[in-house]
Structures are given as structure tokens and as C-alpha cells.
Amino acid sequence: MAGASTFSIPSRRSSARPAASDPWFVKWVLIGVTVSFFSLFLFLPLFVVFQEAFSKGAVAYMKAFQDSATRHAIGLTLLVAAIAVPLNTVFGIVAAWSVTRYRFRGRSFLITLIDLPLWVSPVIGGLIYVLVFGAQGWLGPWLQAHDIRIIFAVPGIVLATVFVTFPFVARGLIPLMQAQGIKEEEAALTLGANGWQIFFRITLPKIKWGLLYGIILCNARAMGEFGAVSVVSGHIRGMTNTMPLHIEILYNEYQFAAAFAVASVLALLALVTLFLKTYSEWRAEQQLSEGSGDQNL
Amino acid sequence: MSIRVEKITKRFARFAALSSVDLEIAPGELVALLGPSGSGKTTLLRVIAGLEFPEASGRVLFGERDVTDLNAYKRKAGFVFQHYALFAHMSVFENIAFSMRVLPRRQRPTDQEIRERVLRLLEAVQLTGFEKRLPTQLSGGQRQRVAFARALAIEPEVLLLDEPFGALDAKVRKSLRRWLREFHDRIGLTTIFVTHDQEEAFEVADRVVLIDKGVIQQIGTPSELRAAPANPFVADFLDIGH
């Protein structure tokens, strides 16, 4: 008994200061493992991308972007993102609003459903559109009769991208809106504001950083998506190739410098995304603590 | 303006928060809804404000005006929330000006008029000079008074207060209680406030409405309640007769 009680006292103390209780070498070994893992799997590839891109000099690097197929791929990626991101921003706000403001049957199922694209393989995401809109699909004959092309054309790429990127905005907003509650909106209601006024003057300013965070992630995924787009695209050079698909083609054709040059643009996008994401995350947390500080005092 | 509620029943899922509640409040009266937590007092206040809607049988009237089917934003009931619910991203000035800024263009006062009204309201709640502050830069008692000024800015016909002092410390509570009573006597607005604090209800209110389990147990002046509790619950809650 005495042994047990003397044993339990330091363990209780250690739970109050967990970091101090581990021997110093455990701390440094764990940090070392994490840092080497990141170096090996994240920083090294990033470095290699830029090194390969410039392996034949800056002139060759710039020349890669004069190729018409490359330019088209960049244009198509921007177009797809320009459609998918606003669409999913609106959808994300509507979804987050409905699952946080209303209580209804099937609500938790809907929250799970919003996450679906995150746990389904993107290839499946592309394949379902082939099954629905493809030549052998449900709507295939009807679409062909009306001369509408969806699969192996831009609409299919947009659809697949929308599917893969739809969780991000909603995911970013739901926890934020849940934590903030609806008291300010109710106050605005008693002060005579209608639904639109409440949304634009109260809710939007409250969620703007969380929303930006979601939009940035959504955009990064929309521009970088490979799997789902690959299934529906058909890889027609200069027509249905997005940047990630174009990189693969260049690489398979042994145009390494060109492939890595295009890849470096995506990598830069990732770095910008990382920066903006960290910043907006920080601002969202700040905004949340300001709001809850108001509740507590 | 008098307030009348008739046969108000409100259910959440299977749980009946209010069962056929009738209540009449005279113009200019200051009434406390008193009861333990979960008694339905806040739900009744929210039904009167139009933030909750009762079952079909119930009616809510402000004077002769039937407001049962009106949404909160058309009722002209000033509402003060327990945790103030000030707009954290707006200055004190903009918080109070909000209700004027959201008016349709034709009814909206000019910027000059808005400014004058906001400053007058700030003076009424003794916060002159605070218009540029953000809510986070105010103490609890100051926030509560901004919330009052904001609710009064709609020129309400009735004033509804949900645990107005619930989030404040004991000392501030006492002084704000006295302030509320004086304030009410000065402007004479029909006022209902919710509280779980018996002392607060008895000190401030003209009449006290004691609620438990969604049913009104007794209505009366503080002295009436003390002298003749209607049933064992009232006696027990007011801690008399032991």
C-alpha cells in the first residue's frame, strides 16, 4: 500500500507538468525523429522539384512555359478552380449554416456525408461521373443524342473537382460556427435585421477568417487534384489536361526539366497556401477567443 | 403597452417547456419571471420576444396588437441577453446604431440623426465617451448597459431582459439592480425580466411571476407572495413556513 501511494504522488505531479517529467533525451529523440521525417518526406522533395526545374538553367525554365500545351494546362487549371472554388464556398456556407443553426433528423448523417470525399478514393470520385455521364453510363445515350460532352471534356473535370473539394469550406466553418453560437444573430433579429442583413453584417464578419482558411484549402486541392480529374479527363493535350495531368505527361515523355518547371509552380502554390492557411488559422483562433471572451466576462 | 399571453404551450421534442400559460402585464409594469433553472421562464420570455414560437393554440398580444405570427424582427420588443450578445467586431457606437442602420432606406434616419440618438442613449445609460470602444474593452457592467442602450434604440414597446445580471459579480449586480429600478421608473416601459434569484426579483419587481415545470405557480407582489404562498412549491422556493 505504501509503495502504491508513493508511486501515485509523483505520477499526479507529472500530469501537471508532463513535458518536464520526460528525460531530456526522450524529448530530443522524438523531436529529432519528427524533424528528420519532415526533412526526408517534405523538404527534400520540395528542394528536388526546384533543383530539377532549374537543372538546365533559367532560360530553359522559362521556355517550358512558352509551350502552348503547358499554357493551356495552366489556363484550364485556373478555370476549373475559378468555377469549383466559388461554388464550394457557397455550398460550404449553406451546409455549415444548416447543420449548426438547425436541429433536424439526419443532421449527423449529413455531417458525415460532407466528409465523404475525404475518405473515398478520388479515383472513385471520378469514376462515378463516368458511370453517370460516360458513353456507357446512365445519361450517356441522352447526352450523346443532344451532343453534350461531359466526360473527357471540361464539364467533367469541373464536376470531379467540385466533388473532391466540397468538404473544405464546410469543414472549416462548422466547428467555428458551433463554438460561436447564435446569440449575436438572435440579438440582430430582435433589433430588426432580416436574414440577409444578419448574414452579411453579423455572421460573415464573425466567420471571415475561418471561411478564408476553408477557401484556401479548397483552392489548393482544386488546383492540385490528380486522381479524380485523371479518370474523367481523357488526357487530351491542349484540351483536357490540367497542370497535374500535364506534369505526368511531360515526365513520361522524359521532358524532366519541363515537368519539374510546371511542378515548381504547383509547389509554389503549396507554399503560398501554407502561409495563408497558417495566417488565417491564427486569425480565426484570435477571433474566436475574442468572441468567447465577450461571453465569459 | 400591456403584454398579454394566452394558452402558451411550447414543446421541445417530447419535453413540455410551457403548458398552457396565461399572463397579463399592465402598461408600465416591471415584472419578474422567477423560477429554478429549467422551469420554462426563459422560454416564456423568448416566446414573447418572438425568438421561439408556441403551439398553435397560444396567442401573444402587445396592447391590442396580436404579434403571435410576427417574427422577432417585426415585434419591436427590446431584448437584453444574459451574456449581452454584443457584436464583437463593432464599436459601442455601431452596436447601438445597428437597429437604425438596418432599417429600409425610406425609414432610415440620416447619419446626423443616428449620431444624436446614439449619443443620447449612451448618456441615458451613463456611458458618455465610450462610443469608440470595442465590447472587449468594457467591463461586464458596462457591456450590460450597452446592451440596454442597443435594445432601447429600436424605441421598443416592451423591454425583455433575460437574466440581465446573471453574468455579473455580486457587487455590480446590486448596483445595477438599483439602476434598473430607477431607470424603469424614469422611462416607464413595460418590462419583464427573468431571474432565478429570489432576492433580485423581490427587490426590483412590482409583481413576481413564479414558474416551475412550465406552469405558473403564483403571481403577486413580493409581499403577497411572502404572506400567502399558494402551494408547497412556492413556500419551499421562497424558503418560508419552515
# chains A, B, ... in the order shown; residues from 1 in each chain; ligands from 1
>>> interface_residues(of="chain B", to="chain A", cutoff="6 Å", atoms="only C-alpha atoms", output="list in words")
Ala72, Tyr73, His83, Ala85, Ser99, Val102 and Gly140 of chain B
>>> write_last_selection(atoms="N, CA and C atoms", output="short mmCIF file (atom, residue, chain, number, x, y, z; two decimals), in the first residue's frame")
data_model
loop_
_atom_site.label_atom_id
_atom_site.label_comp_id
_atom_site.auth_asym_id
_atom_site.auth_seq_id
_atom_site.Cartn_x
_atom_site.Cartn_y
_atom_site.Cartn_z
N ALA B 72 -39.43 37.91 -34.71
CA ALA B 72 -38.83 38.82 -33.73
C ALA B 72 -38.51 40.19 -34.32
N TYR B 73 -38.06 40.22 -35.60
CA TYR B 73 -37.59 41.49 -36.12
C TYR B 73 -38.70 42.46 -36.46
N HIS B 83 -25.79 37.04 -21.74
CA HIS B 83 -24.36 37.34 -21.94
C HIS B 83 -24.18 38.51 -22.91
N ALA B 85 -24.51 39.47 -25.72
CA ALA B 85 -24.53 39.25 -27.16
C ALA B 85 -24.24 40.52 -27.94
N SER B 99 -29.62 48.89 -35.14
CA SER B 99 -31.05 48.79 -35.47
C SER B 99 -31.51 49.91 -36.39
N VAL B 102 -30.13 49.10 -40.15
CA VAL B 102 -30.78 48.02 -40.92
C VAL B 102 -32.20 48.39 -41.34
N GLY B 140 -17.96 44.07 -17.43
CA GLY B 140 -19.24 43.38 -17.54
C GLY B 140 -20.43 44.32 -17.37
#
>>> residues_around(residues="Asp212 (chain B)", least_positions_apart="5", cutoff="9 Å", atoms="only C-alpha atoms", output="compact mmCIF listing (two decimals) with N, CA and C atoms, in the first residue's frame")
# COMPACT_ATOMS: atom_id res chain seq x y z
N LEU B 34 -39.73 34.44 -12.16
CA LEU B 34 -38.82 33.79 -11.21
C LEU B 34 -39.06 32.29 -11.22
N GLY B 35 -37.98 31.54 -11.17
CA GLY B 35 -38.12 30.08 -11.10
C GLY B 35 -36.78 29.41 -11.13
N PRO B 36 -36.75 28.13 -10.77
CA PRO B 36 -35.48 27.39 -10.84
C PRO B 36 -35.06 27.18 -12.29
N SER B 37 -33.82 26.75 -12.51
CA SER B 37 -33.40 26.54 -13.89
C SER B 37 -34.18 25.37 -14.50
N GLY B 38 -34.53 25.54 -15.78
CA GLY B 38 -35.34 24.53 -16.46
C GLY B 38 -36.83 24.67 -16.18
N SER B 39 -37.23 25.78 -15.53
CA SER B 39 -38.65 25.93 -15.18
C SER B 39 -39.48 26.41 -16.36
N GLY B 40 -38.83 26.97 -17.38
CA GLY B 40 -39.56 27.46 -18.54
C GLY B 40 -39.64 28.97 -18.60
N LYS B 41 -39.02 29.66 -17.63
CA LYS B 41 -39.15 31.12 -17.58
C LYS B 41 -38.47 31.80 -18.77
N GLN B 217 -46.96 29.10 -10.97
CA GLN B 217 -47.37 28.62 -9.65
C GLN B 217 -48.09 29.72 -8.88
N PHE B 233 -44.72 24.26 -3.21
CA PHE B 233 -43.55 24.62 -4.03
C PHE B 233 -43.15 26.07 -3.79
>>> select_by_dssp(residues="region 65-233 of chain B", states="alpha helix (DSSP H)", output="JSON, numbers by chain")
{"B": [72, 73, 74, 75, 92, 93, 94, 95, 96, 97, 98, 99, 100, 101, 111, 112, 113, 114, 115, 116, 117, 118, 119, 120, 121, 122, 123, 124, 140, 141, 142, 143, 144, 145, 146, 147, 148, 149, 150, 151, 152, 170, 171, 172, 173, 174, 175, 176, 177, 178, 179, 180, 181, 182, 183, 184, 185, 186, 187, 198, 199, 200, 201, 202, 203, 204, 222, 223, 224, 225, 226, 227, 232, 233]}
>>> write_last_selection(atoms="C-alpha atoms", output="mmCIF file, in the first residue's frame")
data_model
loop_
_atom_site.group_PDB
_atom_site.id
_atom_site.type_symbol
_atom_site.label_atom_id
_atom_site.label_comp_id
_atom_site.auth_asym_id
_atom_site.auth_seq_id
_atom_site.Cartn_x
_atom_site.Cartn_y
_atom_site.Cartn_z
ATOM 1 C CA ALA B 72 -38.827 38.821 -33.729
ATOM 2 C CA TYR B 73 -37.592 41.489 -36.122
ATOM 3 C CA LYS B 74 -41.079 42.918 -36.600
ATOM 4 C CA ARG B 75 -42.197 42.905 -32.963
ATOM 5 C CA VAL B 92 -20.115 50.566 -28.938
ATOM 6 C CA PHE B 93 -21.441 53.254 -31.283
ATOM 7 C CA GLU B 94 -22.094 50.803 -34.123
ATOM 8 C CA ASN B 95 -23.691 48.287 -31.746
ATOM 9 C CA ILE B 96 -26.252 50.867 -30.682
ATOM 10 C CA ALA B 97 -26.675 52.266 -34.217
ATOM 11 C CA PHE B 98 -27.247 48.782 -35.687
ATOM 12 C CA SER B 99 -31.049 48.790 -35.466
ATOM 13 C CA MET B 100 -31.208 52.159 -37.261
ATOM 14 C CA ARG B 101 -28.756 51.130 -39.974
ATOM 15 C CA ASP B 111 -26.166 59.836 -40.159
ATOM 16 C CA GLN B 112 -26.521 63.011 -38.142
ATOM 17 C CA GLU B 113 -29.780 61.820 -36.569
ATOM 18 C CA ILE B 114 -28.279 58.392 -35.848
ATOM 19 C CA ARG B 115 -25.329 60.056 -34.165
ATOM 20 C CA GLU B 116 -27.530 62.220 -31.991
ATOM 21 C CA ARG B 117 -29.718 59.313 -30.942
ATOM 22 C CA VAL B 118 -26.767 57.038 -30.126
ATOM 23 C CA LEU B 119 -25.112 59.722 -28.017
ATOM 24 C CA ARG B 120 -28.388 60.401 -26.194
ATOM 25 C CA LEU B 121 -28.787 56.690 -25.449
ATOM 26 C CA LEU B 122 -25.204 56.468 -24.196
ATOM 27 C CA GLU B 123 -25.922 59.358 -21.904
ATOM 28 C CA ALA B 124 -29.063 57.627 -20.635
ATOM 29 C CA GLY B 140 -19.242 43.378 -17.536
ATOM 30 C CA GLY B 141 -21.475 46.088 -16.102
ATOM 31 C CA GLN B 142 -20.601 48.483 -18.929
ATOM 32 C CA ARG B 143 -21.356 45.831 -21.534
ATOM 33 C CA GLN B 144 -24.708 45.201 -19.920
ATOM 34 C CA ARG B 145 -25.574 48.892 -20.159
ATOM 35 C CA VAL B 146 -24.510 48.997 -23.825
ATOM 36 C CA ALA B 147 -26.858 46.059 -24.383
ATOM 37 C CA PHE B 148 -29.629 48.105 -22.730
ATOM 38 C CA ALA B 149 -28.922 51.118 -24.897
ATOM 39 C CA ARG B 150 -28.880 48.921 -28.005
ATOM 40 C CA ALA B 151 -32.252 47.392 -27.094
ATOM 41 C CA LEU B 152 -33.723 50.841 -26.397
ATOM 42 C CA ALA B 170 -22.341 40.255 -6.672
ATOM 43 C CA LYS B 171 -21.328 43.864 -6.092
ATOM 44 C CA VAL B 172 -22.030 45.062 -9.643
ATOM 45 C CA ARG B 173 -25.309 43.154 -9.548
ATOM 46 C CA LYS B 174 -26.545 45.065 -6.531
ATOM 47 C CA SER B 175 -25.801 48.477 -8.019
ATOM 48 C CA LEU B 176 -27.240 47.545 -11.445
ATOM 49 C CA ARG B 177 -30.433 46.315 -9.765
ATOM 50 C CA ARG B 178 -30.998 49.687 -8.220
ATOM 51 C CA TRP B 179 -30.078 51.324 -11.519
ATOM 52 C CA LEU B 180 -32.666 49.168 -13.368
ATOM 53 C CA ARG B 181 -35.425 50.134 -10.941
ATOM 54 C CA GLU B 182 -34.636 53.843 -11.245
ATOM 55 C CA PHE B 183 -34.227 53.558 -14.979
ATOM 56 C CA HIS B 184 -37.593 51.840 -15.298
ATOM 57 C CA ASP B 185 -39.319 54.465 -13.147
ATOM 58 C CA ARG B 186 -37.832 57.157 -15.354
ATOM 59 C CA ILE B 187 -38.841 55.783 -18.776
ATOM 60 C CA GLN B 198 -35.441 35.434 -5.422
ATOM 61 C CA GLU B 199 -33.820 38.424 -3.717
ATOM 62 C CA GLU B 200 -33.316 40.157 -7.048
ATOM 63 C CA ALA B 201 -36.941 39.565 -8.086
ATOM 64 C CA PHE B 202 -38.333 40.819 -4.784
ATOM 65 C CA GLU B 203 -36.143 43.887 -4.646
ATOM 66 C CA VAL B 204 -36.724 45.123 -8.185
ATOM 67 C CA PRO B 222 -43.476 40.397 -3.278
ATOM 68 C CA SER B 223 -45.426 40.964 -0.045
ATOM 69 C CA GLU B 224 -48.419 38.947 -1.290
ATOM 70 C CA LEU B 225 -46.154 36.022 -2.151
ATOM 71 C CA ARG B 226 -44.437 36.166 1.203
ATOM 72 C CA ALA B 227 -47.697 36.472 3.130
ATOM 73 C CA PRO B 232 -45.837 23.965 -1.031
ATOM 74 C CA PHE B 233 -43.547 24.624 -4.028
#
>>> residues_around(residues="Arg221 (chain A)", least_positions_apart="6", cutoff="12 Å", atoms="only C-alpha atoms", output="count of residues only")
29
